[in-house]
Amino acid sequence: MTPEGDLPGIVVTGASGRMGQMLMRLILQSDKARLVGALDREGSDWIGRDVGEAMGGTAVGVTVSDDPVATIARAQAVIDFTSPAATVAYAELTAQARAVHVIGTTGMDQAQLDYLAAAARHAPIIRAGNMSLGVNLLVGLTRKVAAALGEDWDIEVVEAHHRHKVDAPSGTALMLGEAAAEGRGQPLADLRTPAREGITGAREPGSIGFSAIRGGDVVGEHDVIFAGEGERLVLRHLATDRAIFARGAIRAALWGQDKGPGEYDMADVLGLT
Ligand SMILES: NC(=O)C1=CN([C@@H]2O[C@H](COP(=O)(O)OP(=O)(O)OC[C@H]3O[C@@H](n4cnc5c(N)ncnc54)[C@H](O)[C@@H]3O)[C@@H](O)[C@H]2O)C=CC1
Ligand SMILES: O=C(O)C1=N[C@H](C(=O)O)C[C@H](O)C1
């Protein structure tokens, strides 16, 4: 996919966003990839500006665009942390360009996931609700602990994020819930308890509950609580720097360069499968 001798060219979507900026900073510092484009939503005041200057530094020669067709045509990989609607639209164009689509966007519904599966028939899509090494290791631990403990151990996933987050439960919480359900040998859809409020009745045996806290500048915190009689086991991941997600995404973009069409996740990238 990469012209010989060149570093893979990466386009970052959601350039003005928290993750977009982190990604662009790390790609600009990298000796393994080049930043060849930056996209943002139509009407964003970043459109037409040099990304270095927009981020408060010196010009780097890449201008933020709202033209995904022309921009994605230059990419060997598109790294996309935006919104579900935007990601679905970018997926079609990235597949047409036969580029690797690395998706960090969370909050997708089933129709949107089906759309991504169709796009992945033409080019690789690497998607994960959390791209950090720590969380992807925690997923494996959660699966193992859930399998080892019986249904008399109640499973609860508790997550905390900054005040700007728009989706709940977080993508990470759902990954952890899915791993716990896999450990129990059942689909999460059969075990998931809807958000509790009011007279909920006693806890359904074997169910998996989710709670979300939103406030301040919390980068991302996840606990998987296994609550038994007389003891509790808590598996915890604390993110203190968004660079952990961006580093994972860039690693995924490079890993995907020699992969065929299909859907992949960070466990594939990190060799945890
Ligand atoms: N998988 C992972 O490891 C991580 C995933 N995320 C997810 O990434 C996404 C973005 O997070 P943040 O950067 O914190 O959000 P943000 O709100 O700071 O940035 C979102 C960016 O997407 C752009 N955007 C939104 N809707 C768009 C549209 N319809 N068309 C084009 N551009 C659009 C915005 O202009 C903005 O630049 C969220 O879904 C979040 O949950 C965040 C961190 C880590
Ligand atoms: O929106 C965020 O910030 C984050 N989103 C991801 C999620 O939904 O789990 C990953 C991380 O926790 C930060």
# chains A, B, ... in the order shown; residues from 1 in each chain; ligands from 1

$ residues_near_ligand --ligand "ligand 1" --cutoff "8 Å" --atoms "only C-alpha atoms and all ligand atoms" --output "number ranges by chain"
A: 13-21, 39-42, 44, 66, 80-87, 103-107, 127-132, 164-167, 170-172, 242, 244-246, 248-249

$ select_by_dssp --residues "range 74-181 of chain A" --states "strand (DSSP E)" --output "ChimeraX atom specification"
/A:77-80,100-103,124-127,154-161

$ write_last_selection --atoms "N, CA, C and O atoms" --output "CSV table (one decimal), in the first residue's frame"
chain,number,residue,atom,x,y,z
A,77,ALA,N,-3.4,5.3,5.5
A,77,ALA,CA,-4.3,5.0,6.7
A,77,ALA,C,-5.0,6.2,7.1
A,77,ALA,O,-4.5,7.4,7.0
A,78,VAL,N,-6.2,6.0,7.6
A,78,VAL,CA,-7.1,7.1,8.2
A,78,VAL,C,-7.3,6.8,9.7
A,78,VAL,O,-7.7,5.7,10.0
A,79,ILE,N,-6.9,7.7,10.5
A,79,ILE,CA,-7.2,7.4,12.0
A,79,ILE,C,-8.3,8.4,12.4
A,79,ILE,O,-8.3,9.6,12.2
A,80,ASP,N,-9.3,7.7,13.0
A,80,ASP,CA,-10.6,8.4,13.1
A,80,ASP,C,-11.2,8.3,14.5
A,80,ASP,O,-11.6,7.2,14.9
A,100,VAL,N,-6.1,1.7,5.2
A,100,VAL,CA,-6.5,1.1,6.5
A,100,VAL,C,-7.3,2.2,7.3
A,100,VAL,O,-6.9,3.3,7.4
A,101,HIS,N,-8.4,1.7,7.9
A,101,HIS,CA,-9.2,2.6,8.7
A,101,HIS,C,-9.1,2.2,10.1
A,101,HIS,O,-9.6,1.2,10.5
A,102,VAL,N,-8.5,3.1,10.9
A,102,VAL,CA,-8.4,2.8,12.4
A,102,VAL,C,-9.4,3.6,13.1
A,102,VAL,O,-9.5,4.9,12.9
A,103,ILE,N,-10.3,2.9,13.7
A,103,ILE,CA,-11.5,3.6,14.3
A,103,ILE,C,-11.5,3.5,15.8
A,103,ILE,O,-11.6,2.4,16.4
A,124,PRO,N,-8.9,-3.1,5.2
A,124,PRO,CA,-8.9,-3.4,6.7
A,124,PRO,C,-9.5,-2.3,7.5
A,124,PRO,O,-9.2,-1.1,7.3
A,125,ILE,N,-10.3,-2.7,8.5
A,125,ILE,CA,-10.8,-1.8,9.5
A,125,ILE,C,-10.3,-2.3,10.9
A,125,ILE,O,-10.5,-3.5,11.2
A,126,ILE,N,-9.6,-1.5,11.6
A,126,ILE,CA,-9.2,-1.9,13.0
A,126,ILE,C,-9.9,-1.0,13.9
A,126,ILE,O,-9.8,0.3,13.9
A,127,ARG,N,-10.8,-1.6,14.7
A,127,ARG,CA,-11.7,-0.8,15.6
A,127,ARG,C,-11.6,-1.3,17.0
A,127,ARG,O,-11.6,-2.5,17.3
A,154,ASP,N,-21.3,-11.3,41.6
A,154,ASP,CA,-22.0,-10.3,40.8
A,154,ASP,C,-20.9,-9.5,40.0
A,154,ASP,O,-19.9,-9.1,40.6
A,155,ILE,N,-21.2,-9.2,38.8
A,155,ILE,CA,-20.2,-8.4,38.0
A,155,ILE,C,-20.8,-7.0,37.7
A,155,ILE,O,-21.9,-6.9,37.1
A,156,GLU,N,-20.1,-6.0,38.0
A,156,GLU,CA,-20.4,-4.6,37.8
A,156,GLU,C,-19.3,-3.9,37.1
A,156,GLU,O,-18.1,-4.0,37.5
A,157,VAL,N,-19.6,-3.1,36.0
A,157,VAL,CA,-18.5,-2.3,35.4
A,157,VAL,C,-18.8,-0.8,35.7
A,157,VAL,O,-19.9,-0.4,35.4
A,158,VAL,N,-17.9,-0.2,36.3
A,158,VAL,CA,-18.0,1.3,36.7
A,158,VAL,C,-17.0,2.1,35.9
A,158,VAL,O,-15.8,1.7,35.9
A,159,GLU,N,-17.5,3.1,35.2
A,159,GLU,CA,-16.5,4.0,34.5
A,159,GLU,C,-16.7,5.4,34.8
A,159,GLU,O,-17.8,5.9,35.1
A,160,ALA,N,-15.6,6.2,34.7
A,160,ALA,CA,-15.7,7.7,34.9
A,160,ALA,C,-14.9,8.3,33.7
A,160,ALA,O,-13.9,7.9,33.3
A,161,HIS,N,-15.5,9.4,33.2
A,161,HIS,CA,-14.9,10.2,32.1
A,161,HIS,C,-15.2,11.7,32.4
A,161,HIS,O,-16.1,12.0,33.1

$ residues_around --residues "range 90-95 of chain A" --least-positions-apart "5" --cutoff "6 Å" --atoms "only C-alpha atoms" --output "ChimeraX atom specification"
/A:119,122-123

$ atom_distance --atom1 "atom 5 (N, counted along the ligand's line) of ligand 2" --atom2 "CA of Arg192 in chain A"
19.8 Å

$ closest_residue --among "A:Arg163, A:Arg121, A:Arg143, A:Arg232" --to "Val218 in chain A" --atoms "only C-alpha atoms"
A:Arg163

$ select_by_dssp --residues "range 75-154 of chain A" --states "alpha helix (DSSP H)" --output "PyMOL selection string"
chain A and resi 84-96+110-119+133-148

$ closest_residue --among "A:Asp31, A:Asp223, A:Glu263, A:Glu229" --to "ligand 2" --atoms "only C-alpha atoms and all ligand atoms"
A:Asp223

$ residues_around --residues "Glu231 in chain A" --least-positions-apart "5" --cutoff "12 Å" --atoms "only C-alpha atoms" --output "JSON, numbers by chain"
{"A": [152, 153, 154, 225, 226]}

$ atom_distance --atom1 "CA of Val64 in chain A" --atom2 "CA of Leu23 in chain A"
13.9 Å

$ residues_around --residues "Leu35 in chain A" --least-positions-apart "2" --cutoff "6 Å" --atoms "only C-alpha atoms" --output "ChimeraX atom specification"
/A:9-10,37

$ write_last_selection --atoms "C-alpha atoms" --output "compact mmCIF listing (two decimals), in the first residue's frame"
# COMPACT_ATOMS: atom_id res chain seq x y z
CA GLY A 9 0.84 8.57 4.98
CA ILE A 10 -1.79 9.07 7.67
CA GLY A 37 -3.95 15.24 5.77

$ closest_residue --among "A:Leu28, A:Ala89, A:Ala168, A:Ala117" --to "ligand 2" --atoms "only C-alpha atoms and all ligand atoms"
A:Ala168

$ closest_residue --among "A:Ala118, A:Ala99, A:Phe210, A:Glu221" --to "ligand 2" --atoms "only C-alpha atoms and all ligand atoms"
A:Glu221

$ atom_distance --atom1 "CA of Arg74 in chain A" --atom2 "CA of Pro8 in chain A"
10.2 Å

$ closest_residue --among "A:Gly206, A:Pro187, A:Gly271, A:Gly220" --to "ligand 2" --atoms "only C-alpha atoms and all ligand atoms"
A:Gly220
